[in-house]
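Colleague: Input structure18.csv, format and content: CSV, C-alpha atoms (C1' of nucleotides).
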chain,number,residue,atom,x,y,z
A,1205,MET,CA,-24.3,21.4,14.1
A,1206,GLU,CA,-23.6,17.8,13.0
A,1207,GLU,CA,-21.3,15.7,15.1
A,1208,THR,CA,-20.4,13.5,12.1
A,1209,PRO,CA,-19.1,15.5,9.2
A,1210,LYS,CA,-20.8,15.0,5.8
A,1211,ILE,CA,-17.8,13.5,4.1
A,1212,LEU,CA,-18.2,10.4,6.3
A,1213,ASP,CA,-21.7,9.7,5.0
A,1214,GLY,CA,-21.3,10.2,1.3
A,1215,PRO,CA,-21.9,7.3,-1.1
A,1216,ARG,CA,-18.3,7.3,-2.2
A,1217,CYS,CA,-17.3,6.7,1.4
A,1218,ARG,CA,-19.7,3.8,1.8
A,1219,GLU,CA,-18.1,1.8,-1.0
A,1220,ILE,CA,-14.5,2.1,0.0
A,1221,GLY,CA,-14.5,-1.4,1.2
A,1222,ARG,CA,-15.5,-2.6,-2.2
A,1223,SER,CA,-13.5,-0.2,-4.4
A,1224,CYS,CA,-10.2,0.4,-2.6
A,1225,ALA,CA,-7.5,-1.4,-4.5
A,1226,CYS,CA,-5.1,-1.4,-1.6
A,1227,TYR,CA,-7.6,-2.8,0.9
A,1228,ASN,CA,-8.8,-5.5,-1.4
A,1229,LEU,CA,-5.2,-6.4,-2.5
A,1230,ARG,CA,-4.0,-6.7,1.1
A,1231,ARG,CA,-7.0,-8.7,2.1
A,1232,ALA,CA,-6.5,-11.1,-0.7
A,1233,ALA,CA,-2.8,-11.3,0.1
A,1234,ARG,CA,-3.5,-12.2,3.7
A,1235,SER,CA,-6.0,-14.8,2.5
A,1236,ILE,CA,-3.8,-16.6,0.0
A,1237,THR,CA,-0.8,-16.4,2.2
A,1238,ARG,CA,-2.6,-18.4,4.8
A,1239,LEU,CA,-3.4,-21.0,2.1
A,1240,TYR,CA,0.1,-21.3,0.8
A,1241,ASP,CA,1.7,-21.2,4.3
A,1242,ASP,CA,-0.7,-24.0,5.3
A,1243,PHE,CA,0.4,-26.2,2.4
A,1244,LEU,CA,4.1,-25.4,2.8
A,1245,ARG,CA,4.1,-26.0,6.6
A,1246,PRO,CA,5.5,-29.5,6.4
A,1247,SER,CA,8.6,-28.1,4.7
A,1248,GLY,CA,9.3,-25.7,7.6
A,1249,LEU,CA,9.3,-22.8,5.2
A,1250,LYS,CA,6.9,-19.8,5.0
A,1251,THR,CA,5.8,-18.5,1.6
A,1252,THR,CA,8.1,-15.5,1.9
A,1253,GLN,CA,11.1,-17.7,2.7
A,1254,PHE,CA,10.2,-20.0,-0.1
A,1255,SER,CA,10.1,-17.1,-2.5
A,1256,VAL,CA,13.4,-15.7,-1.4
A,1257,LEU,CA,15.1,-19.0,-1.6
A,1258,MET,CA,13.7,-19.7,-5.1
A,1259,THR,CA,14.7,-16.3,-6.4
A,1260,ALA,CA,18.2,-16.7,-4.9
A,1261,LYS,CA,18.5,-20.1,-6.4
A,1262,MET,CA,17.4,-18.8,-9.9
A,1263,ARG,CA,19.7,-15.9,-9.9
A,1264,GLY,CA,22.7,-17.6,-8.4
A,1265,PRO,CA,24.8,-15.6,-5.9
A,1266,VAL,CA,23.3,-12.2,-5.9
A,1267,THR,CA,23.7,-9.0,-3.9
A,1268,ILE,CA,21.1,-8.0,-1.3
A,1269,THR,CA,20.0,-4.9,-3.2
A,1270,LYS,CA,19.6,-6.8,-6.4
A,1271,LEU,CA,17.5,-9.5,-4.6
A,1272,ALA,CA,15.4,-6.8,-3.0
A,1273,ASP,CA,14.8,-5.2,-6.4
A,1274,LEU,CA,13.8,-8.6,-7.9
A,1275,THR,CA,11.2,-9.3,-5.2
A,1276,VAL,CA,10.0,-5.7,-4.8
A,1277,THR,CA,10.8,-5.8,-1.2
A,1278,GLU,CA,12.3,-3.0,0.9
A,1279,ARG,CA,16.0,-3.7,1.1
A,1280,THR,CA,15.9,-3.3,4.9
A,1281,THR,CA,13.1,-5.8,5.1
A,1282,LEU,CA,15.0,-8.3,3.0
A,1283,THR,CA,18.0,-7.9,5.3
A,1284,ARG,CA,15.9,-9.0,8.3
A,1285,ASN,CA,14.4,-11.9,6.3
A,1286,LEU,CA,17.8,-13.0,5.2
A,1287,THR,CA,19.1,-13.0,8.8
A,1288,ILE,CA,16.4,-15.6,9.6
A,1289,LEU,CA,17.3,-17.8,6.7
A,1290,GLU,CA,20.9,-17.5,7.6
A,1291,LYS,CA,20.2,-18.6,11.2
A,1292,LYS,CA,18.3,-21.6,9.8
A,1293,GLY,CA,21.4,-22.4,7.8
A,1294,LEU,CA,19.6,-22.2,4.5
A,1295,ILE,CA,21.7,-19.4,3.0
A,1296,ARG,CA,25.2,-18.0,3.2
A,1297,ILE,CA,25.9,-14.3,3.1
A,1298,GLU,CA,29.4,-13.8,1.9
A,1299,PRO,CA,31.4,-10.7,0.9
A,1300,GLY,CA,31.3,-9.9,-2.8
A,1301,LEU,CA,34.0,-8.6,-5.1
A,1302,ASP,CA,33.1,-5.1,-4.1
A,1303,ARG,CA,33.8,-4.8,-0.4
A,1304,ARG,CA,30.5,-3.0,0.1
A,1305,GLU,CA,28.5,-5.8,-1.4
A,1306,ARG,CA,27.3,-9.0,0.2
A,1307,GLN,CA,26.4,-12.0,-1.9
A,1308,VAL,CA,23.5,-14.3,-1.0
A,1309,ALA,CA,24.0,-18.0,-1.8
A,1310,LEU,CA,22.0,-21.1,-1.0
A,1311,THR,CA,23.6,-23.7,1.2
A,1312,GLU,CA,23.1,-27.4,0.7
A,1313,ALA,CA,20.4,-27.3,3.4
A,1314,GLY,CA,18.8,-24.5,1.5
A,1315,HIS,CA,18.7,-26.7,-1.6
A,1316,GLU,CA,17.2,-29.5,0.4
A,1317,ALA,CA,14.5,-27.3,1.9
A,1318,LEU,CA,13.5,-26.3,-1.6
A,1319,VAL,CA,13.4,-29.9,-2.8
A,1320,LYS,CA,11.0,-30.6,0.0
A,1321,ALA,CA,8.9,-27.5,-0.5
A,1322,ILE,CA,8.5,-27.5,-4.3
A,1323,PRO,CA,6.1,-30.5,-4.5
A,1324,LEU,CA,4.0,-28.8,-1.7
A,1325,TRP,CA,4.0,-25.6,-3.7
A,1326,GLU,CA,2.9,-27.5,-6.8
A,1327,THR,CA,-0.1,-28.9,-4.9
A,1328,VAL,CA,-1.4,-25.6,-3.6
A,1329,GLN,CA,-0.7,-23.9,-6.9
A,1330,GLU,CA,-2.7,-26.5,-8.8
A,1331,HIS,CA,-5.5,-26.0,-6.2
A,1332,VAL,CA,-5.6,-22.3,-7.1
A,1333,GLU,CA,-5.4,-23.0,-10.8
A,1334,LYS,CA,-8.3,-25.3,-10.6
A,1335,GLY,CA,-10.3,-23.0,-8.3
A,1336,LEU,CA,-9.8,-19.9,-10.5
A,1337,GLY,CA,-9.3,-21.5,-13.9
A,1338,GLN,CA,-6.0,-21.4,-15.7
A,1339,ASP,CA,-7.0,-18.5,-18.0
A,1340,ARG,CA,-8.4,-16.4,-15.3
A,1341,LEU,CA,-5.3,-17.0,-13.2
A,1342,ILE,CA,-3.0,-16.0,-16.1
A,1343,SER,CA,-4.8,-12.7,-16.7
A,1344,PHE,CA,-5.0,-12.1,-13.0
A,1345,LEU,CA,-1.2,-12.4,-12.7
A,1346,THR,CA,-0.9,-10.0,-15.6
A,1347,GLU,CA,-3.0,-7.5,-13.7
A,1348,LEU,CA,-0.8,-7.9,-10.6
A,1349,ARG,CA,2.2,-7.1,-12.6
A,1350,GLY,CA,0.4,-4.0,-13.9
A,1351,ILE,CA,-0.1,-2.9,-10.3
A,1352,VAL,CA,3.6,-3.3,-9.6
A,1353,ALA,CA,4.4,-1.3,-12.8
A,1354,LEU,CA,2.0,1.4,-11.8
A,1355,THR,CA,3.9,2.2,-8.6
A,1356,ARG,CA,7.4,2.4,-10.0
B,707,MET,CA,26.2,-37.7,-8.7
B,708,GLU,CA,24.6,-34.3,-9.0
B,709,GLU,CA,24.9,-31.8,-6.2
B,710,THR,CA,21.7,-30.0,-7.3
B,711,PRO,CA,18.7,-32.3,-7.5
B,712,LYS,CA,16.8,-32.4,-10.7
B,713,ILE,CA,13.6,-30.8,-9.3
B,714,LEU,CA,15.4,-27.5,-8.9
B,715,ASP,CA,16.2,-27.3,-12.6
B,716,GLY,CA,12.9,-28.2,-14.2
B,717,PRO,CA,11.0,-25.7,-16.3
B,718,ARG,CA,8.1,-25.6,-13.8
B,719,CYS,CA,10.6,-24.4,-11.2
B,720,ARG,CA,12.0,-21.7,-13.3
B,721,GLU,CA,8.7,-20.0,-13.7
B,722,ILE,CA,7.5,-19.9,-10.1
B,723,GLY,CA,8.3,-16.2,-10.0
B,724,ARG,CA,5.9,-15.6,-12.8
B,725,SER,CA,3.2,-18.1,-12.0
B,726,CYS,CA,3.0,-18.2,-8.2
B,727,ALA,CA,-0.3,-16.6,-7.2
B,728,CYS,CA,0.9,-16.0,-3.6
B,729,TYR,CA,4.2,-14.5,-4.5
B,730,ASN,CA,2.7,-12.1,-7.1
B,731,LEU,CA,-0.1,-11.1,-4.8
B,732,ARG,CA,2.1,-10.3,-1.9
B,733,ARG,CA,4.5,-8.4,-4.2
B,734,ALA,CA,1.7,-6.3,-5.6
B,735,ALA,CA,0.3,-5.8,-2.2
B,736,ARG,CA,3.6,-4.4,-0.9
B,737,SER,CA,3.9,-2.2,-4.0
B,738,ILE,CA,0.4,-0.7,-3.7
B,739,THR,CA,0.6,-0.4,0.0
B,740,ARG,CA,3.6,1.9,-0.3
B,741,LEU,CA,1.7,4.0,-2.8
B,742,TYR,CA,-1.4,4.4,-0.6
B,743,ASP,CA,0.7,4.9,2.6
B,744,ASP,CA,2.6,7.6,0.7
B,745,PHE,CA,-0.5,9.5,-0.2
B,746,LEU,CA,-2.1,9.0,3.3
B,747,ARG,CA,1.0,10.1,5.2
B,748,PRO,CA,-0.2,13.7,5.8
B,749,SER,CA,-3.2,12.2,7.7
B,750,GLY,CA,-1.0,10.3,10.1
B,751,LEU,CA,-2.8,7.0,9.2
B,752,LYS,CA,-1.4,4.0,7.5
B,753,THR,CA,-3.6,2.2,5.0
B,754,THR,CA,-4.4,-0.6,7.4
B,755,GLN,CA,-5.4,1.8,10.1
B,756,PHE,CA,-7.5,3.8,7.6
B,757,SER,CA,-9.3,0.5,6.5
B,758,VAL,CA,-10.0,-0.5,10.1
B,759,LEU,CA,-11.4,2.9,11.0
B,760,MET,CA,-13.5,3.0,7.9
B,761,THR,CA,-15.0,-0.4,8.5
B,762,ALA,CA,-15.6,0.4,12.2
B,763,LYS,CA,-17.3,3.6,11.1
B,764,MET,CA,-19.5,1.8,8.5
B,765,ARG,CA,-20.6,-0.9,10.9
B,766,GLY,CA,-21.0,1.2,13.9
B,767,PRO,CA,-20.0,-0.3,17.3
B,768,VAL,CA,-18.9,-3.8,16.4
B,769,THR,CA,-17.2,-6.7,18.3
B,770,ILE,CA,-13.6,-7.5,17.6
B,771,THR,CA,-14.4,-10.9,16.1
B,772,LYS,CA,-16.9,-9.4,13.8
B,773,LEU,CA,-14.5,-6.8,12.7
B,774,ALA,CA,-11.8,-9.4,12.1
B,775,ASP,CA,-14.2,-11.4,10.0
B,776,LEU,CA,-15.2,-8.4,7.9
B,777,THR,CA,-11.6,-7.5,7.1
B,778,VAL,CA,-10.3,-11.1,6.7
B,779,THR,CA,-7.7,-10.4,9.4
B,780,GLU,CA,-6.7,-12.8,12.1
B,781,ARG,CA,-8.5,-11.8,15.2
B,782,THR,CA,-5.3,-11.7,17.2
B,783,THR,CA,-3.7,-9.5,14.6
B,784,LEU,CA,-6.6,-7.1,14.7
B,785,THR,CA,-6.3,-7.0,18.5
B,786,ARG,CA,-2.8,-5.7,18.2
B,787,ASN,CA,-3.8,-3.2,15.5
B,788,LEU,CA,-6.7,-1.9,17.6
B,789,THR,CA,-4.3,-1.4,20.6
B,790,ILE,CA,-2.4,1.0,18.4
B,791,LEU,CA,-5.5,2.9,17.3
B,792,GLU,CA,-6.6,3.0,21.0
B,793,LYS,CA,-3.3,4.5,22.1
B,794,LYS,CA,-3.7,7.1,19.4
B,795,GLY,CA,-7.1,8.0,20.8
B,796,LEU,CA,-8.9,7.1,17.5
B,797,ILE,CA,-11.1,4.4,18.9
B,798,ARG,CA,-12.6,3.3,22.2
B,799,ILE,CA,-12.9,-0.4,23.2
B,800,GLU,CA,-15.8,-0.8,25.5
B,801,PRO,CA,-17.5,-3.8,27.1
B,802,GLY,CA,-20.5,-5.2,25.1
B,803,LEU,CA,-23.8,-6.5,26.4
B,804,ASP,CA,-22.3,-9.9,26.5
B,805,ARG,CA,-19.5,-9.7,29.1
B,806,ARG,CA,-17.2,-11.7,26.8
B,807,GLU,CA,-17.5,-9.2,24.0
B,808,ARG,CA,-15.8,-5.9,23.5
B,809,GLN,CA,-17.2,-3.2,21.2
B,810,VAL,CA,-15.1,-1.1,19.0
B,811,ALA,CA,-16.3,2.5,18.5
B,812,LEU,CA,-14.7,5.5,16.8
B,813,THR,CA,-13.9,8.5,19.0
B,814,GLU,CA,-14.3,12.1,17.8
B,815,ALA,CA,-10.5,12.1,17.0
B,816,GLY,CA,-11.1,9.0,15.0
B,817,HIS,CA,-13.8,10.7,12.9
B,818,GLU,CA,-11.6,13.7,12.4
B,819,ALA,CA,-8.7,11.5,11.3
B,820,LEU,CA,-11.0,10.0,8.7
B,821,VAL,CA,-12.2,13.4,7.5
B,822,LYS,CA,-8.6,14.3,6.9
B,823,ALA,CA,-7.7,11.0,5.3
B,824,ILE,CA,-10.6,10.5,2.9
B,825,PRO,CA,-9.7,13.2,0.4
B,826,LEU,CA,-6.1,11.8,0.3
B,827,TRP,CA,-7.6,8.3,-0.3
B,828,GLU,CA,-9.7,9.7,-3.1
B,829,THR,CA,-6.6,11.2,-4.8
B,830,VAL,CA,-4.6,8.0,-4.8
B,831,GLN,CA,-7.6,5.9,-5.7
B,832,GLU,CA,-8.2,8.1,-8.7
B,833,HIS,CA,-4.6,7.7,-9.6
B,834,VAL,CA,-5.0,4.0,-9.7
B,835,GLU,CA,-8.3,4.1,-11.6
B,836,LYS,CA,-6.6,6.2,-14.2
B,837,GLY,CA,-3.5,4.1,-14.3
B,838,LEU,CA,-5.4,0.8,-14.7
B,839,GLY,CA,-8.6,2.0,-16.3
B,840,GLN,CA,-11.9,1.9,-14.5
B,841,ASP,CA,-13.1,-1.3,-16.2
B,842,ARG,CA,-9.9,-3.2,-15.6
B,843,LEU,CA,-9.9,-2.1,-12.0
B,844,ILE,CA,-13.4,-3.3,-11.4
B,845,SER,CA,-12.8,-6.8,-12.9
B,846,PHE,CA,-9.5,-6.9,-11.0
B,847,LEU,CA,-11.3,-6.3,-7.7
B,848,THR,CA,-13.7,-9.1,-8.6
B,849,GLU,CA,-10.8,-11.4,-9.1
B,850,LEU,CA,-9.4,-10.4,-5.7
B,851,ARG,CA,-12.7,-11.3,-4.1
B,852,GLY,CA,-12.5,-14.6,-5.9
B,853,ILE,CA,-9.2,-15.3,-4.3
B,854,VAL,CA,-10.6,-14.6,-0.8
B,855,ALA,CA,-13.6,-16.8,-1.6
B,856,LEU,CA,-11.2,-19.6,-2.7
B,857,THR,CA,-9.6,-19.8,0.7
B,858,ARG,CA,-12.6,-19.9,2.9
C,989,DA,C1',-28.4,-26.7,39.1
C,990,DC,C1',-24.4,-28.6,37.0
C,991,DG,C1',-21.1,-29.9,33.8
C,992,DA,C1',-19.6,-30.2,28.9
C,993,DT,C1',-19.2,-27.4,25.1
C,994,DA,C1',-19.1,-23.3,22.5
C,995,DT,C1',-17.9,-18.5,22.0
C,996,DA,C1',-15.1,-14.0,22.7
C,997,DA,C1',-11.0,-12.3,23.7
C,998,DG,C1',-5.9,-11.8,25.2
C,999,DT,C1',-0.8,-13.3,25.4
C,1000,DG,C1',3.7,-15.5,23.9
C,1001,DT,C1',6.5,-15.8,20.2
C,1002,DA,C1',8.1,-15.4,15.7
C,1003,DT,C1',8.0,-13.5,11.1
C,1004,DA,C1',7.2,-9.6,7.6
C,1005,DC,C1',7.3,-4.9,6.4
C,1006,DA,C1',9.2,-0.2,5.8
C,1007,DC,C1',10.8,4.6,6.9
C,1008,DA,C1',14.5,7.5,8.8
C,1009,DC,C1',19.0,7.4,9.8
C,1010,DA,C1',23.9,5.9,10.1
C,1011,DT,C1',28.2,3.6,8.2
C,1012,DA,C1',31.4,1.8,4.9
C,1013,DT,C1',33.2,1.7,0.3
C,1014,DT,C1',33.7,3.0,-4.4
C,1015,DC,C1',33.9,6.2,-8.2
C,1016,DG,C1',34.6,10.4,-10.8
C,1017,DG,C1',36.3,15.0,-11.4
C,1018,DC,C1',39.9,17.9,-10.5
D,1042,DG,C1',46.0,11.6,-4.8
D,1043,DC,C1',42.0,14.0,-2.7
D,1044,DC,C1',37.2,15.1,-2.0
D,1045,DG,C1',32.4,15.1,-2.9
D,1046,DA,C1',28.8,12.1,-4.9
D,1047,DA,C1',27.0,7.8,-5.5
D,1048,DT,C1',26.4,3.1,-4.0
D,1049,DA,C1',25.8,-1.0,-0.7
D,1050,DT,C1',24.5,-2.2,3.6
D,1051,DG,C1',23.1,-2.2,8.5
D,1052,DT,C1',20.2,-0.3,12.8
D,1053,DG,C1',16.4,1.9,15.5
D,1054,DT,C1',11.8,2.0,15.8
D,1055,DG,C1',7.1,1.1,14.9
D,1056,DT,C1',3.4,-1.4,12.5
D,1057,DA,C1',1.3,-5.7,10.5
D,1058,DT,C1',0.7,-10.6,10.5
D,1059,DA,C1',-0.6,-15.2,12.4
D,1060,DC,C1',-0.2,-19.7,15.1
D,1061,DA,C1',-0.5,-22.0,19.5
D,1062,DC,C1',-2.1,-21.5,23.8
D,1063,DT,C1',-4.8,-19.4,27.7
D,1064,DT,C1',-8.7,-17.2,30.2
D,1065,DA,C1',-13.3,-15.6,30.8
D,1066,DT,C1',-18.1,-16.0,29.9
D,1067,DA,C1',-22.3,-17.9,27.9
D,1068,DT,C1',-25.2,-21.7,26.4
D,1069,DC,C1',-27.2,-26.1,26.2
D,1070,DG,C1',-28.5,-30.8,27.5
D,1071,DT,C1',-29.9,-33.4,31.2
Could you take the file, read its structure, and then write that structure out as structure tokens?

Modeller:
Amino acid sequence: MEETPKILDGPRCREIGRSCACYNLRRAARSITRLYDDFLRPSGLKTTQFSVLMTAKMRGPVTITKLADLTVTERTTLTRNLTILEKKGLIRIEPGLDRRERQVALTEAGHEALVKAIPLWETVQEHVEKGLGQDRLISFLTELRGIVALTR
Amino acid sequence: MEETPKILDGPRCREIGRSCACYNLRRAARSITRLYDDFLRPSGLKTTQFSVLMTAKMRGPVTITKLADLTVTERTTLTRNLTILEKKGLIRIEPGLDRRERQVALTEAGHEALVKAIPLWETVQEHVEKGLGQDRLISFLTELRGIVALTR
DNA sequence: ACGATATAAGTGTATACACACATATTCGGC
DNA sequence: GCCGAATATGTGTGTATACACTTATATCGT
């Protein structure tokens, strides 16, 4: 008559913290997000906002679904994030050719925010490149893409 | 008289999506979180909740600050997460020896939730191990710890 | 014993995330 | 041309995240 079932004491269980891909990925994501957010702070952009603006800029006017697909974000999450950027005046959301669609486009203020943020991003990115080493970073990024591919 | 400043058209800029450690880490974290949450769903636990319960279980009764430190979570974030687990009846938050402290301890229901969740976690973890390969996963986890170490 | 400082925790506010569900529009077969 | 399926988007709800600020308690130097 044990109060604590056996499964909770197995060796496998004890190493979840070390072996769980999800836990470790989320932990690292929190950690690096703070770093990037910290460097980006003078621009007024959070990392997520910076990423969305950059992607929107790269792809030109793009539908919400397409943008969500590109960034592997839930579409409904992106909708909320875009609302914030729209309120800040950094993007415009306009009707597309198809009346169901809505096109996301950067405003002038959006461009200016990116111009301010990009040098800050360069700085923190270089910090990470130096800390990890260029080669390790590159292979690490490859692994990250592998994770994304794994779950599609 | 260009409308779009030059910085937004440089080659460095065009590859942010591929080279940004933060963007790619967050993207992968979203992706794998969906996978783990999907497998864990029958247990009624989200990945985050599972991780917190496991850590609390491993460390025994532990203060909130210590638990936040272990999981590299903002203490204030953890406070909110713990509130949810407490409402679900999975943990107790009791006063510690030091009257400033509060100790987190699993309830019986918390143990039972883990017993239900662990086999589900095993399944998805094996799925990832097979998808990536054991060796790649291990070195990948090492890189993730390197990221965390980088930002401390 | 007292006051400055350090430590532990909570709250206000805002952003980020996603599932379930609802609505609007288009398209394809008939 | 009409109707069902597919597509594009929005909303309700709940969880996760973190910074700035506040409160409560303990500790340390004198």

Colleague: In Å, with one decimal, what is the gap from atom CA of Thr1269 of chain A to atom CA of Ala1309 of chain A?

Modeller: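 Going from atom CA of Thr1269 of chain A over to atom CA of Ala1309 of chain A, I get 13.8 Å.
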
Colleague: Which residue is closest to DT1056 of chain D? Choose from B:Ile797, B:Ile790, B:Ile738, B:Ala727 and count all atoms listed in the file.

Modeller: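 Selected residue with least distance to DT1056 of chain D: B:Ile790.
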
Colleague: Given only C-alpha atoms, how would the per-residue table for chain A near chain B read, listing every residue at most 6 Å away with its closest atom pair and distance in Å to one decimal, sorted by chain and number, as a Markdown table?

Modeller:
| residue | atom | partner | partner_atom | distance |
| --- | --- | --- | --- | --- |
| A:Cys1226 | CA | B:Ile738 | CA | 5.9 |
| A:Leu1229 | CA | B:Ala735 | CA | 5.5 |
| A:Arg1230 | CA | B:Ala735 | CA | 5.5 |
| A:Ala1232 | CA | B:Val854 | CA | 5.4 |
| A:Ala1233 | CA | B:Arg732 | CA | 5.4 |
| A:Ser1235 | CA | B:Val854 | CA | 5.7 |
| A:Ile1236 | CA | B:Cys728 | CA | 6.0 |
| A:Leu1348 | CA | B:Ala734 | CA | 5.8 |
| A:Val1352 | CA | B:Ala734 | CA | 5.3 |

Colleague: Name all residues at most 9 Å from DG1051 of chain D (count all atoms listed in the file; drop same-chain ones fewer than 5 positions away) and give them as a PyMOL selection string.

Modeller: (chain A and resi 1280+1283) or (chain C and resi 1010-1011)

Colleague: Do me a favour and pick out the residues of chain D within 9 Å of chain A, using only C-alpha atoms (C1' of nucleotides), as number ranges by chain.

Modeller: D: 1048-1051, 1058-1059

Colleague: By how many Å are atom CA of Arg1296 of chain A and atom CA of Arg1245 of chain A apart?

Modeller: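 Computing it gives 22.8 Å between the two atoms.
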
Colleague: For chain C, report every residue with an atom at most 12 Å from chain B (counting all atoms listed in the file), formatted as a list in words.

Modeller: DT995, DA996, DA997, DG998, DT999, DG1000, DA1004, DC1005, DA1006 and DC1007 of chain C

Colleague: Please measure the separation of atom CA of Val768 of chain B and atom C1' of DT1066 of chain D, giving the value in Å to one decimal.

Modeller: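 So the answer is 18.2 Å.
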
Colleague: So which residues fall inside 9 Å of (-24.1, -28.7, 33.8) if we count only C-alpha atoms (C1' of nucleotides)? Mind giving them as a PyMOL selection string?

Modeller: (chain C and resi 989-992) or (chain D and resi 1069-1071)
